[in-house]
file start22.tsv (TSV, N, CA and C atoms)
chain	number	residue	atom	x	y	z
A	574	MET	N	82.84	176.45	181.41
A	574	MET	CA	83.45	175.20	181.81
A	574	MET	C	84.23	175.43	183.11
A	575	LYS	N	84.20	174.45	183.99
A	575	LYS	CA	84.92	174.58	185.26
A	575	LYS	C	86.41	174.44	185.03
A	576	ALA	N	87.19	174.96	185.95
A	576	ALA	CA	88.65	174.91	185.84
A	576	ALA	C	89.16	173.47	185.90
A	577	THR	N	88.53	172.64	186.71
A	577	THR	CA	88.99	171.25	186.80
A	577	THR	C	88.71	170.49	185.51
A	578	THR	N	87.60	170.81	184.85
A	578	THR	CA	87.30	170.16	183.58
A	578	THR	C	88.30	170.57	182.52
A	579	LYS	N	88.65	171.86	182.50
A	579	LYS	CA	89.64	172.34	181.54
A	579	LYS	C	91.00	171.68	181.79
A	580	LEU	N	91.36	171.55	183.03
A	580	LEU	CA	92.63	170.93	183.38
A	580	LEU	C	92.64	169.45	182.98
A	581	ALA	N	91.54	168.77	183.20
A	581	ALA	CA	91.45	167.36	182.82
A	581	ALA	C	91.53	167.20	181.31
A	582	LEU	N	90.87	168.06	180.56
A	582	LEU	CA	90.94	168.01	179.10
A	582	LEU	C	92.35	168.30	178.60
A	583	LEU	N	93.02	169.26	179.21
A	583	LEU	CA	94.39	169.59	178.83
A	583	LEU	C	95.32	168.41	179.10
A	584	ALA	N	95.18	167.78	180.25
A	584	ALA	CA	96.02	166.63	180.60
A	584	ALA	C	95.77	165.48	179.62
A	585	ALA	N	94.51	165.22	179.29
A	585	ALA	CA	94.20	164.15	178.35
A	585	ALA	C	94.78	164.45	176.98
A	586	PHE	N	94.70	165.70	176.54
A	586	PHE	CA	95.26	166.09	175.25
A	586	PHE	C	96.77	165.87	175.22
A	587	LEU	N	97.46	166.26	176.30
A	587	LEU	CA	98.92	166.10	176.34
A	587	LEU	C	99.33	164.62	176.31
A	588	VAL	N	98.61	163.80	177.04
A	588	VAL	CA	98.94	162.37	177.06
A	588	VAL	C	98.69	161.74	175.71
A	589	LEU	N	97.56	162.05	175.11
A	589	LEU	CA	97.22	161.45	173.82
A	589	LEU	C	98.07	162.00	172.68
A	590	SER	N	98.54	163.23	172.80
A	590	SER	CA	99.37	163.78	171.74
A	590	SER	C	100.78	163.20	171.78
A	591	ALA	N	101.23	162.75	172.94
A	591	ALA	CA	102.56	162.16	173.05
A	591	ALA	C	102.57	160.70	172.60
A	592	PHE	N	101.42	160.05	172.54
A	592	PHE	CA	101.35	158.64	172.17
A	592	PHE	C	101.87	158.35	170.77
A	593	PRO	N	101.48	159.10	169.74
A	593	PRO	CA	102.00	158.79	168.40
A	593	PRO	C	103.51	158.96	168.28
A	594	LEU	N	104.11	159.82	169.08
A	594	LEU	CA	105.56	160.01	169.02
A	594	LEU	C	106.30	158.76	169.48
A	595	SER	N	105.75	158.06	170.44
A	595	SER	CA	106.43	156.87	170.95
A	595	SER	C	106.38	155.71	169.95
A	596	ARG	N	105.43	155.71	169.05
A	596	ARG	CA	105.31	154.62	168.08
A	596	ARG	C	106.18	154.83	166.86
A	597	THR	N	106.68	156.06	166.65
A	597	THR	CA	107.48	156.34	165.46
A	597	THR	C	108.97	156.30	165.74
A	598	ALA	N	109.36	155.81	166.89
A	598	ALA	CA	110.79	155.76	167.22
A	598	ALA	C	111.50	154.76	166.30
A	599	PRO	N	112.71	155.08	165.88
A	599	PRO	CA	113.44	154.15	165.01
A	599	PRO	C	113.80	152.88	165.76
A	600	SER	N	113.93	151.80	165.04
A	600	SER	CA	114.27	150.53	165.69
A	600	SER	C	115.71	150.57	166.18
A	601	ALA	N	115.91	150.03	167.34
A	601	ALA	CA	117.24	150.04	167.95
A	601	ALA	C	118.03	148.82	167.53
A	602	GLU	N	119.34	148.93	167.65
A	602	GLU	CA	120.20	147.79	167.36
A	602	GLU	C	120.15	146.82	168.54
A	603	ALA	N	120.65	145.64	168.32
A	603	ALA	CA	120.68	144.65	169.39
A	603	ALA	C	121.54	145.17	170.54
A	604	TRP	N	121.07	144.93	171.75
A	604	TRP	CA	121.79	145.40	172.92
A	604	TRP	C	122.29	144.21	173.70
A	605	PRO	N	123.38	144.20	174.29
A	605	PRO	CA	124.43	145.21	174.39
A	605	PRO	C	125.44	145.08	173.25
A	606	GLN	N	126.00	146.17	172.86
A	606	GLN	CA	127.01	146.20	171.81
A	606	GLN	C	128.42	145.99	172.38
A	607	ARG	N	128.63	146.37	173.63
A	607	ARG	CA	129.94	146.23	174.27
A	607	ARG	C	129.81	145.35	175.50
A	608	THR	N	130.93	145.07	176.12
A	608	THR	CA	130.95	144.28	177.35
A	608	THR	C	130.27	145.06	178.47
A	609	VAL	N	129.45	144.38	179.22
A	609	VAL	CA	128.77	144.98	180.37
A	609	VAL	C	129.49	144.54	181.63
A	610	LYS	N	129.87	145.50	182.47
A	610	LYS	CA	130.58	145.19	183.72
A	610	LYS	C	129.68	145.50	184.90
A	611	LEU	N	129.62	144.57	185.83
A	611	LEU	CA	128.92	144.80	187.09
A	611	LEU	C	129.97	145.16	188.14
A	612	ILE	N	129.78	146.29	188.79
A	612	ILE	CA	130.73	146.72	189.82
A	612	ILE	C	130.04	146.60	191.18
A	613	VAL	N	130.59	145.76	192.03
A	613	VAL	CA	130.05	145.55	193.37
A	613	VAL	C	131.03	146.15	194.36
A	614	PRO	N	130.62	147.19	195.08
A	614	PRO	CA	131.55	147.89	195.98
A	614	PRO	C	131.79	147.19	197.32
A	615	LEU	N	131.34	145.97	197.46
A	615	LEU	CA	131.54	145.23	198.72
A	615	LEU	C	132.56	144.12	198.51
A	616	GLY	N	133.00	143.55	199.60
A	616	GLY	CA	134.04	142.54	199.55
A	616	GLY	C	133.60	141.23	198.93
A	617	PRO	N	134.59	140.38	198.57
A	617	PRO	CA	134.27	139.08	198.00
A	617	PRO	C	133.54	138.21	199.01
A	618	ALA	N	132.67	137.37	198.50
A	618	ALA	CA	131.87	136.42	199.28
A	618	ALA	C	130.80	137.10	200.12
A	619	SER	N	130.56	138.40	199.89
A	619	SER	CA	129.45	139.05	200.57
A	619	SER	C	128.16	138.70	199.84
A	620	GLY	N	127.04	139.00	200.43
A	620	GLY	CA	125.76	138.68	199.80
A	620	GLY	C	125.59	139.39	198.46
A	621	ALA	N	126.03	140.65	198.39
A	621	ALA	CA	125.93	141.40	197.14
A	621	ALA	C	126.83	140.81	196.07
A	622	ASP	N	128.01	140.34	196.46
A	622	ASP	CA	128.94	139.74	195.50
A	622	ASP	C	128.38	138.44	194.93
A	623	VAL	N	127.85	137.61	195.79
A	623	VAL	CA	127.28	136.34	195.33
A	623	VAL	C	126.09	136.60	194.41
A	624	THR	N	125.24	137.56	194.78
A	624	THR	CA	124.09	137.90	193.94
A	624	THR	C	124.54	138.43	192.59
A	625	ALA	N	125.55	139.27	192.58
A	625	ALA	CA	126.06	139.82	191.32
A	625	ALA	C	126.65	138.73	190.44
A	626	ARG	N	127.33	137.75	191.04
A	626	ARG	CA	127.90	136.66	190.25
A	626	ARG	C	126.82	135.78	189.63
A	627	VAL	N	125.77	135.51	190.37
A	627	VAL	CA	124.66	134.71	189.84
A	627	VAL	C	123.96	135.49	188.73
A	628	LEU	N	123.73	136.77	188.93
A	628	LEU	CA	123.11	137.62	187.92
A	628	LEU	C	123.98	137.70	186.67
A	629	ALA	N	125.27	137.87	186.84
A	629	ALA	CA	126.19	137.96	185.71
A	629	ALA	C	126.20	136.66	184.91
A	630	ASP	N	126.16	135.53	185.60
A	630	ASP	CA	126.14	134.25	184.91
A	630	ASP	C	124.85	134.10	184.09
A	631	HIS	N	123.74	134.48	184.68
A	631	HIS	CA	122.45	134.40	183.97
A	631	HIS	C	122.44	135.33	182.75
A	632	LEU	N	122.88	136.56	182.91
A	632	LEU	CA	122.89	137.51	181.80
A	632	LEU	C	123.87	137.09	180.72
A	633	SER	N	125.00	136.50	181.12
A	633	SER	CA	125.98	136.04	180.14
A	633	SER	C	125.40	134.96	179.24
A	634	ARG	N	124.67	134.02	179.83
A	634	ARG	CA	124.03	132.98	179.02
A	634	ARG	C	122.91	133.55	178.16
A	635	ARG	N	122.17	134.51	178.69
A	635	ARG	CA	121.04	135.08	177.96
A	635	ARG	C	121.50	135.95	176.79
A	636	TRP	N	122.52	136.77	177.02
A	636	TRP	CA	122.99	137.71	175.98
A	636	TRP	C	124.02	137.07	175.05
A	637	GLY	N	124.55	135.95	175.43
A	637	GLY	CA	125.55	135.28	174.59
A	637	GLY	C	126.89	135.91	174.77

call {"tool": "encode", "arguments": {"input": "start22.tsv", "output": "C-alpha cells"}}
result
Amino acid sequence: MKATTKLALLAAFLVLSAFPLSRTAPSAEAWPQRTVKLIVPLGPASGADVTARVLADHLSRRWG
C-alpha cells in the first residue's frame, strides 16, 4: 500500500472514531445561568458602543 493511502485511511479512521464520542455528550443546562456582560473598550456613542447596545437589547429579549 502506498504511504498516501495509509495516511488517508488513518485520517478517515480518526475522524470516524471521534464521531460517536460527540453524540454521547450529556445534555447541557439552559444557557446563560448568570448575567452576561458586554464590555466595549471604546467611548460612548462610538460605532462599537451603539452596536453593542443593539446586540445587548436583542439578546436580552431572546434570553429573557

call {"tool": "atom_distance", "arguments": {"input": "start22.tsv", "atom1": "atom N of Trp604 (chain A)", "atom2": "atom N of Trp636 (chain A)"}}
result
9.8 Å

call {"tool": "atom_distance", "arguments": {"input": "start22.tsv", "atom1": "atom N of Ser619 (chain A)", "atom2": "atom C of Gln606 (chain A)"}}
result
28.6 Å

call {"tool": "atom_distance", "arguments": {"input": "start22.tsv", "atom1": "CA of Leu632 (chain A)", "atom2": "CA of Lys610 (chain A)"}}
result
11.0 Å

call {"tool": "closest_residue", "arguments": {"input": "start22.tsv", "among": "A:Ala576, A:Pro605, A:Val613, A:Ala618", "to": "Arg635 (chain A)", "atoms": "only C-alpha atoms"}}
result
A:Pro605

call {"tool": "axis_aligned_box", "arguments": {"input": "start22.tsv", "around": "region 627-630 of chain A", "padding_each_side": "3 Å", "output": "JSON"}}
result
{"center_x": 124.7, "center_y": 136.0, "center_z": 187.2, "size_x": 9.1, "size_y": 9.9, "size_z": 12.3}
